[in-house]
There are 2 protein chains.
Amino acid sequence: MQHPSPSLPASPTSNTSAPPVPPGSHARAVRTAVPGSTALATLDTLDTPAAIIALSRMQHNIARMQQRATALGVRFRPHVKTSKCAEVAAAQREAGATGITVSTLKEAEKFFGHGVTDILYAVGMAPHRLDHALDLRLRGCALQILTDSVEGAQAIVDHGRAHGHVFEVLVEIDTDGHRSGIKPDEDRLLDVGRVLHEGGMRLAGVLTHAGSSYDLHDTQAIADLTEQERAGCVLAANRLRGAGLPCPVVSVGSTPTALTATSLAGVTELRAGVYVFFDLVMCNVGVCGTDDIALSVLTTVIGHQADKGWAIVDAGWMAMSRDRGTAKQQRDYGYGQVCTMDGLPIAGYVLSAANQEHGIVSREGTPTDPIDKDIAMRFPTGTRLRILPNHACATGAQFPAYHALAQDGSLQTWGRFHGW
Amino acid sequence: MQHPSPSLPASPTSNTSAPPVPPGSHARAVRTAVPGSTALATLDTLDTPAAIIALSRMQHNIARMQQRATALGVRFRPHVKTSKCAEVAAAQREAGATGITVSTLKEAEKFFGHGVTDILYAVGMAPHRLDHALDLRLRGCALQILTDSVEGAQAIVDHGRAHGHVFEVLVEIDTDGHRSGIKPDEDRLLDVGRVLHEGGMRLAGVLTHAGSSYDLHDTQAIADLTEQERAGCVLAANRLRGAGLPCPVVSVGSTPTALTATSLAGVTELRAGVYVFFDLVMCNVGVCGTDDIALSVLTTVIGHQADKGWAIVDAGWMAMSRDRGTAKQQRDYGYGQVCTMDGLPIAGYVLSAANQEHGIVSREGTPTDPIDKDIAMRFPTGTRLRILPNHACATGAQFPAYHALAQDGSLQTWGRFHGW
């Protein structure tokens with residue numbers, strides 16, 4: 001086996017002692033993919049492509065967001081759709097998070113199975129899923145659900161009454177026009193609230209997500225949207241209260257707005273997801289640096305087209321996902337930023353193109369930039385690289401498991417949910 | 001539960017009798033996701049989003065390609081990276097396919113586990129995977145491997161000699177400049193052949209894949225590339241033979257070129273992958289119609305933004321994948337073509353945008369087209385739709401299983417491999 005490193009800082013010394021496995025954790029020490037081998041894997045021996053979580057970066061990101069929420073006087077409810085991983089969510093809760101946000105009932109089932117009971121399902125409730133939601137609640141999961149229409153509210157009321165059950169329901173508010181929700185000043189907000197409350201359900205509050213923040217990069221524009229998200233959601237809450245309806249929860253957030261807010265007056269709960277790993281899209285938005293990105297894809301150079309300045313690696317779009325979120329941003333990283341084994345960006349090199357299981361590493365730039373004719377010497381066959389992703393939620397989903405990398409170089413395998 | 005259909009042909013009558021399960025198959029009848037239910041699922045009751053295979057279309061696609069290969073006098077070796085599904089590959093073999101092509105050793109392992117022994121691993125062999133390849137071969141898998149460099153060939157020779165084993169190796173030929181491979185007229189082609197042959201390995205032949213055919217749509221341009229792919233690979237084979245080296249296999253193909261070829265003189269084997277399902281990218285290339293597309297995503301309408309002409313569905317990019325392959329083609333389908341439950345396109349409606357678990361169905365067109373203010377009446381909450389994907393390989397990968405739909409409306413669950 002050959003794993004020459006590029007002429008950049010050396011990898012951490014391989015550590016073959018068993019990494020600590022927390023009690024009750026589903027983590028297990030990683031073994032190499034070579035059949036029959038019992039050696040513990042390191043970044044040098046793990047089969048590729050593989051999804052690597054840099055634990056120190058993840059812990060830093062978790063602490064940063066939790067400290068912001070605490071300083072702003074609100075609860076923090078992380079969105080676990082980014083990681084879909086019990087160990088990651090456990091780290092978020094240990095840092096102070098209150099409950100979790102999910103995007104599918106499968107996530108609710110899985111995390112409930114890991115002992116999480118305070119779960120917000122933040123996608124509009126489809127009537128055909130009410131049986132499943134009820135079943136979760138009857139098994140002890142304090143699942144909150146969401147609606148943004150009178151017919152949706154009525155379906156919840158009808159189902160609750162038919163089964164003698166009081167659902168806890170939030171009303172989805174649209175504060176930036178990007179997706180679902182009721183605008184804060186629409187008449188039907190009160191109609192929905194009344195249907196739920198008078199129908200005997202628990203009207204738990206209002207929720208919004210200013211997802212259009214992902215499209216911004218100007219600091220003032222993000223600050224403006226952050227205030228728009230807060231003010232719109234608080235207005236909706238106050239309109240419900242003014243109509244004599246309860247509205248204890250006012251829940252807002254997206255990673256960019258959560259990290260930009262300086263006041264969350266009237267808000268009770270903050271939500272964010274991708275901050276736990278960050279990614280290149282978030283770098284372009286301006287809320288992190290590349291050295292905050294905790295998720296990367298470990299890959300191996302498998303060949304070259306030297307006359308074109310290409311090194312071919314075994315991370316194609318199946319590993320990186322098809323997400324090209326940076327294509328429309330100020331800096332386009334192709335399918336990802338190329339890094340050393342230590343996770344340090346190799347300036348000027350990106351995954352410029354991808355087939356299903358082939359990625360092309362080349363010098364980034366315009367067609368007039370010189371081709372790197374020495375790429376085969378710089379990145380010989382067998383070289384291992386780490387690629388920072390455009391979009392952590394999309395890249396993570398391509399892998400059945402993460403490999404959590406401690407600072408001593410040891411790895412643990414953390415499972416990840418897939419599908420619905 | 002409410003599943004109104006759009007005002008279009010009715011769904012097939014639900015069939016609740018048990019679908020036939022072939023002996024030895026890993027298929028199982030589908031049950032609904034509602035806990036405690038024992039009813040067999042249909043498209044009306046299956047939880048969404050779900051990946052649906054229309055069996056009659058898939059069988060038609062398989063027969064069409066096999067007939068072409070047979071008529072052209074070559075063996076056909078389907079690329080199973082598209083489906084990663086034992087039942088789909090079994091249908092391809094039953095129709096006459098000889099062996100399979102894989103893009104990862106995990107695929108090789110999985111299909112070998114299902115009894116397939118004739119496997120071509122069509123990604124350049126990374127030296128660190130030689131142990132695994134050897135292990136597969138020693139267990140009885142006739143795995144062929146690939147290289148396109150002297151150093152890669154030497155690594156194979158060294159590994160084979162060190163273990164007293166003769167690997168079967170193809171040399172990758174680059175006939176269209178899109179990825180890996182040696183150009184047919186390069187000197188190093190003979191160097192690579194000699195290293196393998198004189199090193200005691202079995203030089204099995206040459207292989208090429210004109211993947212740039214996916215970027216074409218002009219009939220003549222595809223025909224020209226088809227001939228370029230054939231002629232380049234045959235030239236490479238003849239150069240090896242002229243140098244006294246063996247070259248029994250001449251393997252070419254991609255879905256567009258395989259369906260365009262009128263002569264494959266000098267070729268022994270054809271390969272193609274996505275043809276088994278087809279997709280919107282292939283429609284734009286011009287090698288299928290939308291009524292050939294066998295893979296679709298079943299989704300449910302969960303809400304509306306009626307003033308914008310949006311119906312919100314529960315198939316977001318996590319279900320469709322982030323693949324936007326039609327964006328650069330003559331017709332951009334957004335994240336997919338909206339169809340009825342019967343798989344018939346609803347003219348003018350696409351999945352125009354997507355968040356992780358939310359898709360936006362709207363009228364396709366230019367900004368000057370009128371907004372569909374009646375979308376909530378056309379597609380009420382609970383309506384079920386099927387979305388044809390841009391890229392079947394990418395969309396399939398988002399699901400742990402397919403639901404194979406027979407013409408009587410019955411469904412079977414077919415598992416799908418994920419990861420590496």
# chains A, B, ... in the order shown; residues from 1 in each chain; ligands from 1
$ interface_residues --of "chain A" --to "chain B" --cutoff "6 Å" --atoms "only C-alpha atoms" --output "ChimeraX atom specification"
/A:1,34,126,128,132,302,322-323,399-400,419
$ residues_around --residues "segment 244-258 of chain A" --least-positions-apart "5" --cutoff "6 Å" --atoms "only C-alpha atoms" --output "MDAnalysis selection string"
chainID A and resid 204:209 226 237 267:272 275
$ select_by_dssp --residues "segment 156-242 of chain A" --states "strand (DSSP E)" --output "list of chain:residue names"
A:Glu168, A:Val169, A:Leu170, A:Val171, A:Glu172, A:Ile173, A:Arg202, A:Leu203, A:Ala204, A:Gly205, A:Val206, A:Leu207, A:Thr208
$ atom_distance --atom1 "atom CA of Thr42 of chain A" --atom2 "atom CA of Lys110 of chain A"
28.5 Å
$ residues_around --residues "Asp176 of chain A" --least-positions-apart "4" --cutoff "8 Å" --atoms "only C-alpha atoms" --output "short mmCIF file (atom, residue, chain, number, x, y, z; two decimals) with C-alpha atoms, in the first residue's frame"
data_model
loop_
_atom_site.label_atom_id
_atom_site.label_comp_id
_atom_site.auth_asym_id
_atom_site.auth_seq_id
_atom_site.Cartn_x
_atom_site.Cartn_y
_atom_site.Cartn_z
CA ALA A 210 -35.95 32.01 7.03
CA GLY A 211 -34.33 29.55 4.67
CA SER A 212 -33.71 32.22 2.06
CA LEU A 225 -33.51 39.06 7.23
CA GLN A 228 -37.55 40.14 9.58
CA GLU A 229 -37.69 36.48 10.70
#
$ residues_around --residues "His60 of chain B" --least-positions-apart "4" --cutoff "9 Å" --atoms "only C-alpha atoms" --output "list of chain:residue names"
B:Leu55, B:Ser56, B:Arg64, B:Met65, B:Val276, B:Asp292
$ residues_around --residues "Glu364 of chain B" --least-positions-apart "2" --cutoff "9 Å" --atoms "only C-alpha atoms" --output "MDAnalysis selection string"
chainID B and resid 333:334 347:352 361:362 366 369
$ decode --residues "segment 179-191 of chain A" --atoms "C-alpha atoms" --output "compact mmCIF listing (two decimals), in the first residue's frame"
# COMPACT_ATOMS: atom_id res chain seq x y z
CA ARG A 179 -41.48 27.83 1.15
CA SER A 180 -44.53 26.95 3.30
CA GLY A 181 -46.31 28.95 5.97
CA ILE A 182 -48.87 31.69 6.61
CA LYS A 183 -47.74 35.30 6.38
CA PRO A 184 -47.83 36.98 9.81
CA ASP A 185 -50.56 39.44 8.80
CA GLU A 186 -52.88 37.03 6.97
CA ASP A 187 -56.42 36.58 8.27
CA ARG A 188 -56.19 32.80 8.00
CA LEU A 189 -53.56 32.73 10.76
CA LEU A 190 -56.34 33.35 13.25
CA ASP A 191 -58.64 30.90 11.47
